[in-house]
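J.: Handing over protein-v2.txt, compact mmCIF, N, CA and C atoms and all ligand atoms.
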# COMPACT_ATOMS: atom_id res chain seq x y z
N MET A 27 11.00 5.94 -15.26
CA MET A 27 10.28 4.74 -14.86
C MET A 27 10.90 4.17 -13.58
N THR A 28 10.06 3.73 -12.67
CA THR A 28 10.54 3.10 -11.44
C THR A 28 11.03 1.69 -11.75
N GLU A 29 12.27 1.38 -11.36
CA GLU A 29 12.79 0.04 -11.60
C GLU A 29 12.28 -0.92 -10.54
N LEU A 30 12.18 -2.20 -10.90
CA LEU A 30 11.66 -3.19 -9.95
C LEU A 30 12.47 -3.21 -8.67
N THR A 31 13.79 -3.01 -8.77
CA THR A 31 14.64 -3.04 -7.57
C THR A 31 14.40 -1.84 -6.67
N LYS A 32 13.72 -0.82 -7.18
CA LYS A 32 13.47 0.37 -6.39
C LYS A 32 12.01 0.47 -5.95
N MET A 33 11.30 -0.62 -6.03
CA MET A 33 9.90 -0.58 -5.64
C MET A 33 9.75 -0.13 -4.19
N SER A 34 8.80 0.75 -3.96
CA SER A 34 8.56 1.25 -2.61
C SER A 34 8.08 0.13 -1.71
N LYS A 35 8.57 0.14 -0.49
CA LYS A 35 8.15 -0.86 0.48
C LYS A 35 7.00 -0.33 1.34
N VAL A 36 6.22 -1.24 1.85
CA VAL A 36 5.20 -0.87 2.83
C VAL A 36 5.90 -0.90 4.19
N ALA A 37 6.35 0.25 4.65
CA ALA A 37 7.15 0.33 5.86
C ALA A 37 6.37 -0.13 7.09
N GLU A 38 5.08 0.17 7.09
CA GLU A 38 4.24 -0.18 8.24
C GLU A 38 2.79 -0.23 7.79
N CYS A 39 2.04 -1.15 8.37
CA CYS A 39 0.60 -1.21 8.11
C CYS A 39 -0.11 -1.51 9.43
N SER A 40 -1.01 -0.65 9.80
CA SER A 40 -1.70 -0.80 11.09
C SER A 40 -3.06 -1.47 10.96
N VAL A 41 -3.36 -2.01 9.78
CA VAL A 41 -4.67 -2.63 9.57
C VAL A 41 -4.60 -4.10 10.01
N ALA A 42 -4.80 -4.30 11.31
CA ALA A 42 -4.56 -5.60 11.93
C ALA A 42 -5.49 -6.70 11.44
N ASP A 43 -6.70 -6.34 10.97
CA ASP A 43 -7.63 -7.40 10.55
C ASP A 43 -7.41 -7.85 9.11
N CYS A 44 -6.40 -7.34 8.44
CA CYS A 44 -6.08 -7.81 7.09
C CYS A 44 -5.34 -9.14 7.17
N ALA A 45 -5.65 -10.05 6.26
CA ALA A 45 -5.02 -11.37 6.25
C ALA A 45 -3.51 -11.29 6.03
N TYR A 46 -3.03 -10.25 5.40
CA TYR A 46 -1.60 -10.12 5.13
C TYR A 46 -0.84 -9.42 6.24
N ASN A 47 -1.55 -8.94 7.26
CA ASN A 47 -0.91 -8.16 8.32
C ASN A 47 -0.52 -9.04 9.50
N GLU A 48 0.71 -8.87 9.93
CA GLU A 48 1.20 -9.55 11.14
C GLU A 48 2.12 -8.57 11.85
N SER A 49 1.81 -8.22 13.05
CA SER A 49 2.65 -7.31 13.85
C SER A 49 2.94 -6.00 13.12
N ASP A 50 1.92 -5.40 12.57
CA ASP A 50 2.03 -4.10 11.88
C ASP A 50 2.90 -4.13 10.63
N ALA A 51 3.08 -5.31 10.07
CA ALA A 51 3.83 -5.43 8.81
C ALA A 51 2.95 -6.12 7.77
N CYS A 52 3.13 -5.75 6.51
CA CYS A 52 2.39 -6.36 5.41
C CYS A 52 3.25 -7.43 4.75
N HIS A 53 2.72 -8.64 4.63
CA HIS A 53 3.49 -9.75 4.08
C HIS A 53 2.99 -10.22 2.73
N ALA A 54 2.14 -9.41 2.07
CA ALA A 54 1.79 -9.72 0.68
C ALA A 54 3.04 -9.53 -0.17
N GLY A 55 3.10 -10.20 -1.30
CA GLY A 55 4.23 -9.98 -2.20
C GLY A 55 4.28 -8.54 -2.66
N ALA A 56 3.12 -8.02 -2.99
CA ALA A 56 3.00 -6.63 -3.42
C ALA A 56 1.57 -6.20 -3.20
N VAL A 57 1.39 -4.91 -3.03
CA VAL A 57 0.04 -4.36 -2.85
C VAL A 57 -0.29 -3.44 -4.02
N THR A 58 -1.56 -3.28 -4.25
CA THR A 58 -2.05 -2.33 -5.24
C THR A 58 -2.80 -1.22 -4.52
N ILE A 59 -2.49 0.00 -4.90
CA ILE A 59 -3.17 1.17 -4.35
C ILE A 59 -4.03 1.77 -5.45
N ALA A 60 -5.23 2.13 -5.11
CA ALA A 60 -6.15 2.71 -6.09
C ALA A 60 -7.18 3.54 -5.33
N GLY A 61 -8.10 4.09 -6.05
CA GLY A 61 -9.16 4.81 -5.35
C GLY A 61 -9.69 5.95 -6.18
N PRO A 62 -10.87 6.42 -5.82
CA PRO A 62 -11.45 7.56 -6.50
C PRO A 62 -10.68 8.84 -6.16
N SER A 63 -11.05 9.91 -6.78
CA SER A 63 -10.37 11.19 -6.57
C SER A 63 -10.23 11.53 -5.09
N GLY A 64 -9.02 11.88 -4.68
CA GLY A 64 -8.78 12.29 -3.30
C GLY A 64 -8.58 11.15 -2.33
N GLN A 65 -8.62 9.90 -2.80
CA GLN A 65 -8.46 8.74 -1.93
C GLN A 65 -7.39 7.82 -2.48
N ALA A 66 -6.72 7.09 -1.60
CA ALA A 66 -5.71 6.11 -2.02
C ALA A 66 -5.92 4.86 -1.18
N ASP A 67 -6.81 4.01 -1.63
CA ASP A 67 -7.15 2.79 -0.89
C ASP A 67 -6.14 1.69 -1.18
N CYS A 68 -5.82 0.89 -0.18
CA CYS A 68 -5.06 -0.34 -0.42
C CYS A 68 -6.10 -1.38 -0.83
N VAL A 69 -6.13 -1.74 -2.10
CA VAL A 69 -7.16 -2.67 -2.58
C VAL A 69 -6.71 -4.13 -2.43
N THR A 70 -5.54 -4.34 -1.84
CA THR A 70 -5.09 -5.70 -1.51
C THR A 70 -5.67 -6.13 -0.16
N PHE A 71 -6.16 -5.18 0.60
CA PHE A 71 -6.77 -5.47 1.91
C PHE A 71 -7.84 -6.55 1.79
N ILE A 72 -7.73 -7.57 2.65
CA ILE A 72 -8.74 -8.62 2.68
C ILE A 72 -8.91 -9.09 4.13
N PRO A 73 -10.07 -8.87 4.72
CA PRO A 73 -10.28 -9.29 6.10
C PRO A 73 -10.69 -10.76 6.16
N LEU A 74 -9.78 -11.61 6.56
CA LEU A 74 -10.07 -13.04 6.68
C LEU A 74 -9.61 -13.54 8.04
N SER A 75 -10.09 -14.68 8.45
CA SER A 75 -9.68 -15.24 9.74
C SER A 75 -8.35 -15.97 9.63
N VAL A 76 -7.89 -16.23 8.40
CA VAL A 76 -6.59 -16.88 8.21
C VAL A 76 -5.56 -15.81 7.85
N LYS A 77 -4.29 -16.12 8.09
CA LYS A 77 -3.21 -15.22 7.70
C LYS A 77 -2.54 -15.74 6.43
N GLY A 78 -2.08 -14.83 5.57
CA GLY A 78 -1.45 -15.23 4.32
C GLY A 78 -0.23 -14.39 4.02
N GLY A 79 0.31 -14.59 2.85
CA GLY A 79 1.48 -13.84 2.42
C GLY A 79 2.74 -14.66 2.55
N PHE A 80 3.88 -13.96 2.55
CA PHE A 80 5.18 -14.62 2.51
C PHE A 80 5.97 -14.42 3.80
N GLY A 81 5.46 -14.88 4.91
CA GLY A 81 6.23 -14.90 6.15
C GLY A 81 7.00 -13.63 6.47
N GLN A 82 8.31 -13.69 6.35
CA GLN A 82 9.19 -12.57 6.73
C GLN A 82 9.30 -11.50 5.65
N LEU A 83 8.77 -11.75 4.47
CA LEU A 83 8.88 -10.76 3.40
C LEU A 83 8.03 -9.53 3.71
N THR A 84 8.56 -8.37 3.38
CA THR A 84 7.81 -7.12 3.52
C THR A 84 7.29 -6.71 2.15
N ALA A 85 6.02 -6.37 2.09
CA ALA A 85 5.39 -6.06 0.81
C ALA A 85 5.97 -4.80 0.17
N ALA A 86 5.93 -4.81 -1.15
CA ALA A 86 6.26 -3.62 -1.93
C ALA A 86 4.96 -3.10 -2.56
N VAL A 87 5.04 -1.89 -3.10
CA VAL A 87 3.89 -1.37 -3.85
C VAL A 87 4.05 -1.85 -5.29
N GLY A 88 3.22 -2.79 -5.67
CA GLY A 88 3.32 -3.36 -7.02
C GLY A 88 2.77 -2.43 -8.07
N ALA A 89 1.73 -1.69 -7.72
CA ALA A 89 1.10 -0.78 -8.67
C ALA A 89 0.34 0.28 -7.88
N CYS A 90 0.32 1.47 -8.41
CA CYS A 90 -0.50 2.52 -7.82
C CYS A 90 -1.27 3.25 -8.92
N GLN A 91 -2.56 3.20 -8.81
CA GLN A 91 -3.43 3.79 -9.83
C GLN A 91 -3.90 5.19 -9.43
N GLN A 92 -3.36 5.71 -8.34
CA GLN A 92 -3.79 7.04 -7.88
C GLN A 92 -2.89 8.11 -8.50
N LEU A 93 -3.28 8.56 -9.68
CA LEU A 93 -2.47 9.50 -10.45
C LEU A 93 -2.40 10.88 -9.83
N GLU A 94 -3.27 11.18 -8.87
CA GLU A 94 -3.26 12.50 -8.25
C GLU A 94 -2.14 12.66 -7.23
N CYS A 95 -1.45 11.57 -6.90
CA CYS A 95 -0.41 11.64 -5.86
C CYS A 95 0.89 12.20 -6.43
N THR A 96 1.54 13.01 -5.64
CA THR A 96 2.80 13.61 -6.06
C THR A 96 3.90 12.57 -6.27
N TYR A 97 3.78 11.41 -5.63
CA TYR A 97 4.80 10.38 -5.76
C TYR A 97 4.56 9.45 -6.95
N ASN A 98 3.42 9.59 -7.61
CA ASN A 98 3.08 8.66 -8.68
C ASN A 98 3.78 9.04 -9.98
N ALA A 99 4.45 8.07 -10.58
CA ALA A 99 5.07 8.26 -11.89
C ALA A 99 4.82 7.00 -12.70
N ASP A 100 4.19 7.16 -13.82
CA ASP A 100 3.91 6.02 -14.72
C ASP A 100 3.10 4.93 -14.02
N LEU A 101 2.20 5.33 -13.15
CA LEU A 101 1.33 4.40 -12.42
C LEU A 101 2.11 3.50 -11.44
N GLU A 102 3.28 3.98 -11.02
CA GLU A 102 4.07 3.30 -10.00
C GLU A 102 4.38 4.31 -8.89
N CYS A 103 4.73 3.78 -7.72
CA CYS A 103 5.00 4.65 -6.57
C CYS A 103 6.48 5.01 -6.50
N GLY A 104 6.77 6.28 -6.37
CA GLY A 104 8.16 6.73 -6.26
C GLY A 104 8.54 7.17 -4.86
N ALA A 105 7.65 6.98 -3.89
CA ALA A 105 7.98 7.33 -2.50
C ALA A 105 9.03 6.34 -1.98
N PRO A 106 9.90 6.76 -1.07
CA PRO A 106 10.89 5.84 -0.50
C PRO A 106 10.23 4.63 0.17
N ALA A 107 9.11 4.87 0.81
CA ALA A 107 8.34 3.82 1.47
C ALA A 107 6.96 4.40 1.76
N ILE A 108 6.01 3.55 2.02
CA ILE A 108 4.68 4.06 2.37
C ILE A 108 4.21 3.49 3.70
N GLN A 109 3.27 4.19 4.28
CA GLN A 109 2.59 3.74 5.50
C GLN A 109 1.14 3.44 5.10
N VAL A 110 0.60 2.37 5.62
CA VAL A 110 -0.80 2.03 5.37
C VAL A 110 -1.54 2.01 6.70
N GLY A 111 -2.73 2.53 6.68
CA GLY A 111 -3.54 2.57 7.89
C GLY A 111 -4.96 2.98 7.54
N VAL A 112 -5.68 3.38 8.54
CA VAL A 112 -7.08 3.77 8.32
C VAL A 112 -7.20 5.28 8.37
N ARG A 113 -7.74 5.85 7.31
CA ARG A 113 -8.00 7.28 7.27
C ARG A 113 -9.48 7.44 6.90
N GLY A 114 -10.23 8.09 7.74
CA GLY A 114 -11.65 8.28 7.45
C GLY A 114 -12.42 6.98 7.55
N SER A 115 -13.34 6.76 6.63
CA SER A 115 -14.25 5.63 6.74
C SER A 115 -13.80 4.41 5.94
N THR A 116 -12.68 4.52 5.23
CA THR A 116 -12.26 3.36 4.44
C THR A 116 -11.48 2.38 5.31
N LYS A 117 -11.25 1.19 4.80
CA LYS A 117 -10.66 0.11 5.60
C LYS A 117 -9.15 0.16 5.64
N ALA A 118 -8.50 0.53 4.53
CA ALA A 118 -7.04 0.52 4.46
C ALA A 118 -6.62 1.54 3.42
N ASP A 119 -5.82 2.49 3.86
CA ASP A 119 -5.44 3.59 2.97
C ASP A 119 -3.92 3.77 2.95
N CYS A 120 -3.42 4.25 1.83
CA CYS A 120 -2.03 4.70 1.78
C CYS A 120 -1.98 6.05 2.48
N LEU A 121 -1.36 6.09 3.65
CA LEU A 121 -1.30 7.33 4.43
C LEU A 121 -0.22 8.27 3.90
N THR A 122 0.61 7.78 2.98
CA THR A 122 1.67 8.59 2.39
C THR A 122 1.15 9.41 1.21
N PHE A 123 -0.04 9.09 0.76
CA PHE A 123 -0.67 9.81 -0.36
C PHE A 123 -0.62 11.32 -0.12
N ALA A 124 -0.11 12.03 -1.11
CA ALA A 124 -0.03 13.50 -1.03
C ALA A 124 -0.51 14.05 -2.37
N GLU A 125 -1.59 14.76 -2.34
CA GLU A 125 -2.14 15.29 -3.58
C GLU A 125 -1.17 16.23 -4.25
N ALA A 126 -0.93 16.03 -5.53
CA ALA A 126 0.02 16.87 -6.28
C ALA A 126 -0.57 18.26 -6.49
S1 LIG B 201 2.52 7.39 -1.85
FE1 LIG B 201 1.24 8.03 -3.58
S2 LIG B 201 2.11 6.97 -5.38
FE2 LIG B 201 2.85 5.92 -3.51
S3 LIG B 201 1.35 4.25 -3.15
FE3 LIG B 201 0.69 6.02 -1.90
S4 LIG B 201 -0.79 7.06 -3.24
FE4 LIG B 201 0.39 5.70 -4.58
Kindly present the structure from the file in structure tokens form.
T.:
Amino acid sequence: MTELTKMSKVAECSVADCAYNESDACHAGAVTIAGPSGQADCVTFIPLSVKGGFGQLTAAVGACQQLECTYNADLECGAPAIQVGVRGSTKADCLTFAEA
């Protein structure tokens, strides 16, 4: 089981129109990753005109529901860190997703 102190960080996020994004960093307390087969969407993404989150805090991966990823264990992320950005037609994706 992944311990809370070892939660993966969102090392970088290039989704500038997300309310939690400031200077390519995610400031949500934690993000949730999910998606249909073959996809790993950041479902915390929210395009708003206001900015939110916790200032200087860098988000962690709070939960990951993408069981097809090689880093997923017990519905948590075991990657050292993840990158979030746009892949294909979706708005915000975990770019670290690697199909097992
Ligand atoms: S790297 Fe894999 S397990 Fe970690 S958040 Fe992305 S899709 Fe989920």
J.: Near A:Asp50, counting only N, CA and C atoms, which residues have an atom at most 6 Å away, once you skip same-chain residues fewer than 4 positions from it, shown as a ChimeraX atom specification?
T.: /A:38-40
J.: Return the single residue from A:Gln65, A:Gly114, A:Ala85, A:Thr70 that is closest to ligand LIG 201 (chain B), with distances computed using all atoms listed in the file.
T.: A:Gln65
J.: Got a sec: who's within 8 Å of A:Val36, counting only C-alpha atoms, leaving out chain neighbours fewer than 3 positions off, as number ranges by chain?
T.: A: 39, 51-52, 84-87, 107-110
J.: Could you report the residues within 6 Å of ligand LIG 201 (chain B), using all atoms listed in the file, as an MDAnalysis selection string?
T.: chainID A and resid 59 66 90:92 95:99 102:105 108 120:124
J.: How would you write, as a VMD selection string, the set of residues in chain A that DSSP gives as strand (DSSP E or B)?
T.: chain A and resid 35 to 39 44 47 to 48 51 to 52 56 to 60 67 to 68 73 86 to 90 95 98 to 99 102 to 103 107 to 111 119 to 120 125
J.: Can you measure atom CA of A:Cys44 to atom CA of A:Leu93 for me? One decimal in Å is fine.
T.: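 According to the coordinates, atom CA of A:Cys44 and atom CA of A:Leu93 are separated by 24.9 Å.
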J.: Using only N, CA and C atoms, which residue out of A:His53, A:Cys68, A:Leu30, A:Pro62 lies closest to A:Gly111?
T.: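 Among A:His53, A:Cys68, A:Leu30, A:Pro62, it is A:Cys68 that comes nearest to A:Gly111.
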J.: Rounded to one decimal place, report the atom C of A:Leu101-atom CA of A:Ala45 distance in Å.
T.: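 Taking atom C of A:Leu101 as the start and atom CA of A:Ala45 as the end point, the length is 24.2 Å.
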J.: With distances taken over only N, CA and C atoms, which residue among A:Glu125, A:Asp43, A:Asp119, A:Glu29 lies nearest A:Ile72?
T.: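 Closest residue, counting only N, CA and C atoms: A:Asp43.
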J.: In Å, with one decimal, what is the gap from atom CA of A:Ser49 to atom CA of A:Gly64?
T.: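 Going from atom CA of A:Ser49 over to atom CA of A:Gly64 covers 28.4 Å.
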J.: From the set A:Asp100, A:Thr116, A:Leu83, A:Asn47, which residue has the shortest atom-to-atom contact distance to A:Val69, counting only C-alpha atoms?
T.: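 Nearest candidate to A:Val69 out of A:Asp100, A:Thr116, A:Leu83, A:Asn47: A:Thr116.
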J.: Emit as AutoDock Vina command-line options the padded axis-aligned box for all listed atoms of stretch 114-123 of chain A, 4 Å per side, with centre and edge lengths in Å to one decimal.
T.:
--center_x -6.3 --center_y 5.7 --center_z 3.7 --size_x 23.9 --size_y 19.2 --size_z 16.1
J.: Which one is closest to A:Gly88: A:Met33, A:Val112, A:Val76, A:Ala42? Count only C-alpha atoms.
T.: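 Among the listed residues, A:Met33 lies closest to A:Gly88.
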J.: Quick one: of A:Lys117, A:Pro106, A:Ala54, A:Glu94, who's nearest to A:Pro73, counting only C-alpha atoms?
T.: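 Nearest to A:Pro73: A:Lys117.
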